[in-house]
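**Student:** Questions regarding the structure given below will be posed in turn.
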Amino acid sequence: MTVDGFAGSDQPLDSAPGPGIAIRTLEVGKSYGRGETRIDALADVSVDFGKGRFTAIMGPSGSGKSTLLHCLAGLDRPTTGQVLLGDVDLTRLPEKALTHLRRDRVGFVFQAFNLVPTLTALENITLPLDLAGRKPDQAWLDTVIATIGLGDRLTHKPAELSGGQQQRVACARALVSRPDVAFADEPTGNLDSRSSADVLGFLHRSVRDFGQTVVMVTHDPTAASYADRVLFLADGRLRSELLDPTADSVLDAMKQLEVG
Amino acid sequence: MLKLGLRSVLAHRLRFVLCTVAVLLGVAFVAGAMIFTDTLSAALKKNFAGSTADITITPVTALDTTAGTTSAEPPTLSSGLADRIAAVQGVAGTDPQLLVGGIQILGSDGKHTATYGVPIFASAWPHDPRTAPFKLLDGNQPWGQKQLGLDQSTVEREGFQLGDQIKVITPTRAVTATLAAITTPMLSGSSAGAPLVTFDAATAQLFLLGHPGWTSIGVAVHPGQDPQAVSNAIAALAGPDVRVRTAAQVSEEGKSALSDTFGGYSAVLLLFAALALFVGAFLIVNTFAMLVAQRSRELAMLRAIGASRGQVTGTVLAEALVIGAIGSTLGLLLGAGVAAGLQFSYQHLDLAVPSSGLKISVATIIAAYVVGIGVTLAAAYPAARRAGKLPPVAAMRDDATIPERSLLVRVIIGGFMFLMTATLYLIAQKVRGLPAAILLSLGAAVALLAVVMTSPLISRYAVRGLMSPFGRQAPVTLGRRNAERNPRRTSATASALMISVALISGLVVIAASAKASVDRNIADAIGTSELVVSNDGGGAFAGQVGDRISAVPGVSAVHRVRQMPAKADTRMFDLRGVDDGSLEGPITTKVESGSLDALESGQAVIPRNVARTLDLTVGKSFQLTTGSGKHPVTVGAVIAPNRQLNGIVVSLARFTELGGAPTDTTLYVEVAQGTDLAPVRLAVLGQLHDYPTLLVRDQQAYAQGERRPINAALGVIGMLLALAVLIAVLGIVNTLALAVVERTREIGLLRAIGMDRPQLRRMLQVESIAISLLGALLGVVIGVLFGASIQAVMVDDGLSVLDVPVLQLLVTVVVAAAVGVLAAVWPSRRAARLDVLRAIATE
Ligand SMILES: Nc1ncnc2c1ncn2[C@@H]1O[C@H](COP(=O)(O)OP(=O)(O)O)[C@@H](O)[C@H]1O
Ligand SMILES: [Mg+2]
């Protein structure tokens with residue numbers, strides 16, 4: 001299967017991503033353990049993520065989705081290969097620079113436990129900026145806040161918010177610093193369908209209206225259908241890709257993957 | 001349940017180690033005190049076995065004082081009495097003995113030998129080796145005024161040899177004589193182990209008393225005779241002026257006298273044991289509260305699968321039991337070490353304190369375990385009880401928390417305690433003096449507890465205010481919020497520090513006030529005398545010193561002050577004899593009523609504070625008990641409280657009548673007008689070559705010297721309090737380290753969204769500083785209030801001036817903040833090492 005957007009082997013290896021590419025991996029591999037017990041969580045993954053695009057990553061449990069996302073976001077270091085954010089090779093950055101890159105150029109939404117319990121919703125949103133000692137761009141902040149639609153609950157502590165509200169706050173935090181890429185690892189995994197729709201709608205709008213780049217891991221075909229493009233992973237390798245997915249086409253692709 | 005507890009202990013080494021250390025330190029003090037006391041009393045028993053005369057006869061003294069250490073005339077027995085006793089049926093031999101304290105031995109360097117406060121005794125050579133209180137080891141019995149004997153410890157320490165010329169200073173004169181005999185130290189009585197100088201009997205009477213007489217008579221009983229019967233016969237013969245005791249009675253009394261001497265150390269150790277355990281208890285309370293919070297799901301699960309409330313409570317208490325048992329065991333060992341150290345330091349001083357192997361009695365072991373385990377269990381109990389109350393459904397919930405009782409109860413109890421403090425304070429204002437100080441100490445203790453009770457509420461508001469100067473950067477805000485998020489935990493951690501700091505700052509205020517009062521008092525009482533002569537370390541010296549100084553050209557007058565203990569209305573006072581005119585020149589006094597002229601007619605002058613304690617006014621009489629008996633004394637004048645005359649003052653003549661010896665404790669030397677002081681001072685010093693312990697100082701230097709004991713006492717107490725601070729700091733480390741574990745996920749999240757390690761460290765430091773500043777500030781406030789109110793009630797009892805040393809207190813607070821930074825070092829290293837991915841893993 002030839003897939004548009006794959007960084008195929010015929011492309012020059014050291015090339016920085018072109019103007020339309022936000023982040024790119026080059027033959028990324030990640031293995032745990034040694035010898036007999038060695039597990040290759042990722043193997044030979046080369047992929048580009050276009051700017052202003054909403055990409056979903058799918059695959060069976062244990063297929064390496066989270067590992068890939070962590071390597072992309074600078075939370076983990078691949079064993080082999082390169083991760084290029086703009087012209088920066090994340091795999092070569094020292095710990096401190098990587099931390100600051102996460103703070104300034106990357107946003108992240110986890111499945112749960114996204115918020116600091118001692119801070120209000122608003123303080124949680126601006127936390128990356130506060131850590132960087134930067135002032136938020138008030139207009140952008142207002143826009144983001146308006147989009148998550150939390151209204152008067154901004155001054156509440158996370159414990160006083162519902163799960164869906166908490167995830168929307170986390171999404172707002174991931175976007176507030178206008179990151180090059182916002183990552184989300186099963187952001188709706190713990191939510192009911194209504195709250196899921198809120199969160200996904202918010203991510204979708206951020207891509208559509210603000211040109212944000214979003215990469216999201218999910219195992220829910222409906223969630224994947226919000227994306228522009230779906231990548232399928234199995235056993236740590238990229239298997240296929242689907243453009244402009246619908247819930248049905250995603251389901252079909254998943255079935256094919258199981259068979260094939 | 002015990003097995004579960006043990007597993008839990010092993011799984012969480014950190015909190016285990018810190019809790020154990022807290023228990024260990026407290027128990028070590030308890031065990032150390034008990035072992036030291038037991039060891040000492042075992043050694044004393046060994047020593048008293050068989051080294052005393054069968055029967056001992058001593059003069060009856062109204063007041064038991066060690067002869068020679070003050071101007072009190074040593075009570076004596078006549079020689080005739082010994083002869084009459086020798087005739088009593090059953091008496092095999094009599095041996096009149098003379099033993100006087102307050103001797104000084106000059107080392108080869110001409111300075112007096114250091115004995116660390118243990119008095120040196122001088123004795124007459126006994127007639128009869130059977131009843132001798134010491135034994136000859138080398139050389140021959142000293143004869144005449146040119147020979148003396150010394151105990152072996154002193155000889156060895158000073159490197160003397162038989163035949164050396166030795167200088168000693170007796171209550172009546174300075175003596176130089178040849179070392180003829182090396183003896184054991186005194187083997188019995190209250191002077192056992194003390195350095196000993198010996199002379200032949202006639203020489204001893206001359207040098208030690210200045211007149212014939214004996215301080216006791218030892219009697220040997222014919223074999224087969226009942227000592228008690230003989231003792232009764234002697235008592236009948238000798239009349240009421242003497243005390244007749246059998247060896248058994250003497251050794252019993254001697255033992256208790258010696259235990260009194262060393263009992264002080266045990267008491268101090270026990271006091272600090274209590275403090276260490278109290279402070280340590282906060283650490284344990286916190287640890288278990290956090291433990292239960294962290295494990296609430298697991299504990300609720302136990303409940304869900306059928307464990308009863310009691311069983312859940314039991315698992316938590318089992319862990320406390322394990323920690324208490326291990327802490328007690330280690331504490332017992334450390335306590336033995338402490339006792340061994342104390343014993344070693346005594347022996348190291350060559351004081352020949354009776355020694356024996358360390359005695360670890362069953363009672364000590366039981367006490368160590370009861371205290372250690374008891375405190376741990378008690379401190380863990382509140383958390384254990386709450387664990388038992390966990391509803392089983394909590395196992396199913398994500399946010400399983402135990403509902404905590406509202407702070408209202410605490411606030412009510414705390415408020416009640418504050419009321420109690422206020423009441424105690426008001427009562428103290430009425431009582432004044434030492435009893436008031438005790439009331440106030442009690443009040444301060446209650447106030448501390450009240451703050452402990454209400455501090456969760458206080459901390460809620462205090463932390464924000466305290467930390468506002470640290471800015472509003474994200475790590476600072478996060479750290480501050482962390483300190484605020486669990487007020488109970490923060491305040492319990494801070495309370496431990498608060499107690500230590502309160503004690504320290506209270507002491508600092510009292511000590512500073514004491515020093516300021518000495519200065520002021522001496523400044524107030526500074527008279528016309530240019531020089532003050534006194535003995536280094538106190539004590540009386542021969543009257544001949546004053547005579548010699550009077551003869552120095554340029555000296556216009558020498559005013560003698562003599563001093564001995566006396567009792568009035570069950571209280572001990574210093575009784576002073578002063579020269580005519582001493583109070584109107586050399587010592588400045590302010591007469592409040594009556595007239596100083598009354599001294600000449602044998603009446604007493606007393607300061608206002610003494611007058612109040614004894615409820616006396618001018619013209620009233622009271623009974624004064626001295627070594628020579630009971631005497632009626634009339635008050636002739638009341639003066640303002642005066643440090644140099646704190647006690648009862650009479651004329652020199654009256655002092656002698658009351659049983660005082662012609663030895664002086666202080667001389668005020670006046671130099672003729674227009675004479676240069678420096679040469680006179682040199683000439684005075686020239687007259688005192690034989691008396692190297694005498695200090696000739698101007699009033700300023702004298703004041704300086706008076707302050708020294710305050711500093712020394714402060715140093716010792718400060719060191720022990722530092723230990724309490726150490727435990728409190730361990731508590732902060734413990735709280736932070738546990739918080740890091742508890743907030744693993746949160747810290748992972750912060751790292752994931754871009755908090756770097758320095759920021760993480762700052763966040764924990766801010767939390768730590770918030771806790772320590774809260775503790776230190778509350779402590780300083782309570783300590784200063786306590787110190788100031790003590791000063792207020794002791795205005796007339798030596799603390800006339802309040803001095804709050806702001807700088808020292810500020811240093812205390814700054815040090816506390818620094819301690820906060822230090823306490824965060826290790827926890828933040830742990831936090832920085834956390835694996836971000838592991839921390840945020842959704843499991
Ligand atoms: N820290 C680790 N140590 C060992 N194996 C790991 C570790 N983290 C992940 N793995 C393994 O890597 C594989 C991919 O994991 P993951 O990326 O979490 O899968 P997914 O998110 O797709 O469910 C799994 O087989 C998992 O067991
Ligand atoms: Mg995953």
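Chain lettering (A, B, ...) mirrors the order of the structure tokens, residue numbering begins at 1 for each chain separately, and ligand numbering begins at 1 in order of display.
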Starting from chain A, keep only residues with some atom at most 6 Å from an atom of chain B, counting only C-alpha atoms, and report them as a list of chain:residue names.
**Tutor:**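 Listing them in order of chain and number gives A:Thr99, A:His100, A:Arg102, A:Arg103, A:Thr118, A:Asp130, A:Leu131.
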**Student:** Which residues sit within 6 Å of ligand 1, counting only C-alpha atoms and all ligand atoms, listed as a short mmCIF file (atom, residue, chain, number, x, y, z; two decimals) with C-alpha atoms, in the first residue's frame?
**Tutor:**
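Listed below is the output, pocket.cif:
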```
data_model
loop_
_atom_site.label_atom_id
_atom_site.label_comp_id
_atom_site.auth_asym_id
_atom_site.auth_seq_id
_atom_site.Cartn_x
_atom_site.Cartn_y
_atom_site.Cartn_z
CA TYR A 32 13.04 -2.26 25.94
CA ALA A 41 7.94 -1.16 21.00
CA SER A 61 -3.28 -2.22 22.59
CA GLY A 62 0.48 -2.54 22.98
CA SER A 63 1.15 -1.57 19.38
CA GLY A 64 3.39 1.31 20.39
CA LYS A 65 1.01 4.27 20.00
CA SER A 66 1.89 5.90 23.32
CA THR A 67 5.58 5.19 22.83
#
```
**Student:** Among segment 8-253 of chain A, which residues carry a DSSP assignment of strand (DSSP E or B), reported as number ranges by chain?
**Tutor:** A: 21-32, 39-50, 54-58, 80-85, 88-89, 106-109, 181-185, 214-217, 229-234, 237-243
**Student:** Counting only C-alpha atoms, what is within 8 Å of Ser621 of chain B, bar same-chain residues fewer than 5 positions away, as a list in words?
**Tutor:**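 Neighbouring residues, sequence-local ones excluded: Leu616, Pro632, Val633, Thr634 and Val635 of chain B.
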**Student:** Report, in Å with one decimal, the straight-line distance from atom CA of Gly33 of chain A to atom CA of Phe232 of chain A.
**Tutor:**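 Distance reported for this atom pair: 24.8 Å.
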**Student:** Could you find all residues in segment 387-482 of chain B that DSSP calls helix (DSSP H, G or I) from the backbone, and write them as a PDB file with C-alpha atoms, in the first residue's frame?
**Tutor:**
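Result file follows (part_29.pdb):
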```pdb
ATOM      1  CA  ALA B 387      -8.295   4.049  58.676  1.00  0.00           C
ATOM      2  CA  GLY B 388     -10.789   1.845  60.490  1.00  0.00           C
ATOM      3  CA  PRO B 392     -15.625  -0.296  52.148  1.00  0.00           C
ATOM      4  CA  VAL B 393     -17.025   1.434  49.037  1.00  0.00           C
ATOM      5  CA  ALA B 394     -13.981   3.692  49.090  1.00  0.00           C
ATOM      6  CA  ALA B 395     -12.146   0.797  47.454  1.00  0.00           C
ATOM      7  CA  MET B 396     -14.257   1.349  44.350  1.00  0.00           C
ATOM      8  CA  LEU B 407     -11.312  21.887  62.702  1.00  0.00           C
ATOM      9  CA  LEU B 408     -14.033  23.274  64.946  1.00  0.00           C
ATOM     10  CA  VAL B 409     -13.291  20.843  67.765  1.00  0.00           C
ATOM     11  CA  ARG B 410      -9.638  21.737  67.596  1.00  0.00           C
ATOM     12  CA  VAL B 411     -10.397  25.419  67.628  1.00  0.00           C
ATOM     13  CA  ILE B 412     -12.645  25.068  70.669  1.00  0.00           C
ATOM     14  CA  ILE B 413     -10.065  23.026  72.573  1.00  0.00           C
ATOM     15  CA  GLY B 414      -7.338  25.436  71.471  1.00  0.00           C
ATOM     16  CA  GLY B 415      -9.394  28.430  72.559  1.00  0.00           C
ATOM     17  CA  PHE B 416      -9.984  26.845  75.928  1.00  0.00           C
ATOM     18  CA  MET B 417      -6.257  26.306  76.307  1.00  0.00           C
ATOM     19  CA  PHE B 418      -5.555  29.927  75.424  1.00  0.00           C
ATOM     20  CA  LEU B 419      -7.974  30.914  78.185  1.00  0.00           C
ATOM     21  CA  MET B 420      -6.087  28.662  80.564  1.00  0.00           C
ATOM     22  CA  THR B 421      -2.824  30.328  79.564  1.00  0.00           C
ATOM     23  CA  ALA B 422      -4.315  33.733  80.217  1.00  0.00           C
ATOM     24  CA  THR B 423      -5.547  32.601  83.630  1.00  0.00           C
ATOM     25  CA  LEU B 424      -2.152  31.198  84.536  1.00  0.00           C
ATOM     26  CA  TYR B 425      -0.593  34.449  83.404  1.00  0.00           C
ATOM     27  CA  LEU B 426      -2.889  36.515  85.590  1.00  0.00           C
ATOM     28  CA  ILE B 427      -2.258  34.312  88.612  1.00  0.00           C
ATOM     29  CA  ALA B 428       1.484  34.567  87.996  1.00  0.00           C
ATOM     30  CA  GLN B 429       1.246  38.355  88.053  1.00  0.00           C
ATOM     31  CA  LYS B 430      -0.125  38.116  91.585  1.00  0.00           C
ATOM     32  CA  VAL B 431       2.337  35.542  92.866  1.00  0.00           C
ATOM     33  CA  GLY B 433       9.022  35.403  91.897  1.00  0.00           C
ATOM     34  CA  LEU B 434      10.062  31.820  91.245  1.00  0.00           C
ATOM     35  CA  PRO B 435       6.629  30.222  91.791  1.00  0.00           C
ATOM     36  CA  ALA B 436       5.249  32.632  89.202  1.00  0.00           C
ATOM     37  CA  ALA B 437       7.974  31.593  86.781  1.00  0.00           C
ATOM     38  CA  ILE B 438       6.914  27.988  87.205  1.00  0.00           C
ATOM     39  CA  LEU B 439       3.289  28.942  86.614  1.00  0.00           C
ATOM     40  CA  LEU B 440       4.332  30.827  83.504  1.00  0.00           C
ATOM     41  CA  SER B 441       6.328  27.868  82.201  1.00  0.00           C
ATOM     42  CA  LEU B 442       3.235  25.776  82.632  1.00  0.00           C
ATOM     43  CA  GLY B 443       1.255  28.484  80.863  1.00  0.00           C
ATOM     44  CA  ALA B 444       3.753  28.528  78.011  1.00  0.00           C
ATOM     45  CA  ALA B 445       3.438  24.759  77.647  1.00  0.00           C
ATOM     46  CA  VAL B 446      -0.344  25.052  77.477  1.00  0.00           C
ATOM     47  CA  ALA B 447      -0.040  27.936  75.018  1.00  0.00           C
ATOM     48  CA  LEU B 448       2.198  25.806  72.803  1.00  0.00           C
ATOM     49  CA  LEU B 449      -0.375  23.038  72.841  1.00  0.00           C
ATOM     50  CA  ALA B 450      -3.095  25.567  72.083  1.00  0.00           C
ATOM     51  CA  VAL B 451      -1.173  26.758  69.048  1.00  0.00           C
ATOM     52  CA  VAL B 452      -0.614  23.149  68.007  1.00  0.00           C
ATOM     53  CA  MET B 453      -4.378  22.618  68.184  1.00  0.00           C
ATOM     54  CA  THR B 454      -5.302  25.721  66.252  1.00  0.00           C
ATOM     55  CA  SER B 455      -2.351  25.900  63.918  1.00  0.00           C
ATOM     56  CA  PRO B 456      -4.099  24.264  60.955  1.00  0.00           C
ATOM     57  CA  LEU B 457      -6.336  27.301  61.005  1.00  0.00           C
ATOM     58  CA  ILE B 458      -3.436  29.676  61.587  1.00  0.00           C
ATOM     59  CA  SER B 459      -1.377  28.067  58.839  1.00  0.00           C
ATOM     60  CA  ARG B 460      -4.160  28.630  56.331  1.00  0.00           C
ATOM     61  CA  TYR B 461      -3.730  32.365  56.630  1.00  0.00           C
ATOM     62  CA  ALA B 462      -0.148  32.583  57.797  1.00  0.00           C
ATOM     63  CA  VAL B 463       1.516  30.713  54.931  1.00  0.00           C
ATOM     64  CA  ARG B 464       0.164  33.096  52.310  1.00  0.00           C
ATOM     65  CA  GLY B 465       1.370  36.146  54.197  1.00  0.00           C
ATOM     66  CA  LEU B 466       4.729  34.630  55.030  1.00  0.00           C
ATOM     67  CA  MET B 467       5.472  33.629  51.499  1.00  0.00           C
ATOM     68  CA  SER B 468       4.332  36.804  49.751  1.00  0.00           C
ATOM     69  CA  PRO B 469       7.867  38.266  49.678  1.00  0.00           C
ATOM     70  CA  PHE B 470       8.983  35.278  47.618  1.00  0.00           C
ATOM     71  CA  ALA B 474       4.940  29.585  39.044  1.00  0.00           C
ATOM     72  CA  PRO B 475       7.229  27.365  41.211  1.00  0.00           C
ATOM     73  CA  VAL B 476       6.704  29.694  44.180  1.00  0.00           C
ATOM     74  CA  THR B 477       2.943  29.694  43.790  1.00  0.00           C
ATOM     75  CA  LEU B 478       2.902  25.920  43.415  1.00  0.00           C
ATOM     76  CA  GLY B 479       5.118  25.431  46.470  1.00  0.00           C
ATOM     77  CA  ARG B 480       2.997  27.750  48.557  1.00  0.00           C
ATOM     78  CA  ARG B 481      -0.218  26.045  47.476  1.00  0.00           C
ATOM     79  CA  ASN B 482       1.318  22.715  48.359  1.00  0.00           C
TER      80      ASN B 482
END
```
**Student:** Within 12 Å of Tyr381 of chain B, counting only C-alpha atoms, which residues show up once you throw out same-chain ones fewer than 3 positions away? Write them as a count of residues only, please.
**Tutor:** 30
**Student:** Counting only C-alpha atoms and all ligand atoms, figure out which residue out of A:Phe110, A:Phe54, A:Trp140, A:Phe49 gets nearest to ligand 2.
**Tutor:** A:Phe110
**Student:** Out of B:Pro74, B:Ser529, B:Ser495, B:Val91, which residue has the shortest atom-to-atom distance to Gly660 of chain B when counting only C-alpha atoms?
**Tutor:**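 Counting only C-alpha atoms, the residue closest to Gly660 of chain B is B:Pro74.
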**Student:** Mind pulling up the distance from atom CA of Leu738 of chain B to atom CA of Gln311 of chain B?
**Tutor:**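 Atom CA of Leu738 of chain B lies at a distance of 24.8 Å from atom CA of Gln311 of chain B.
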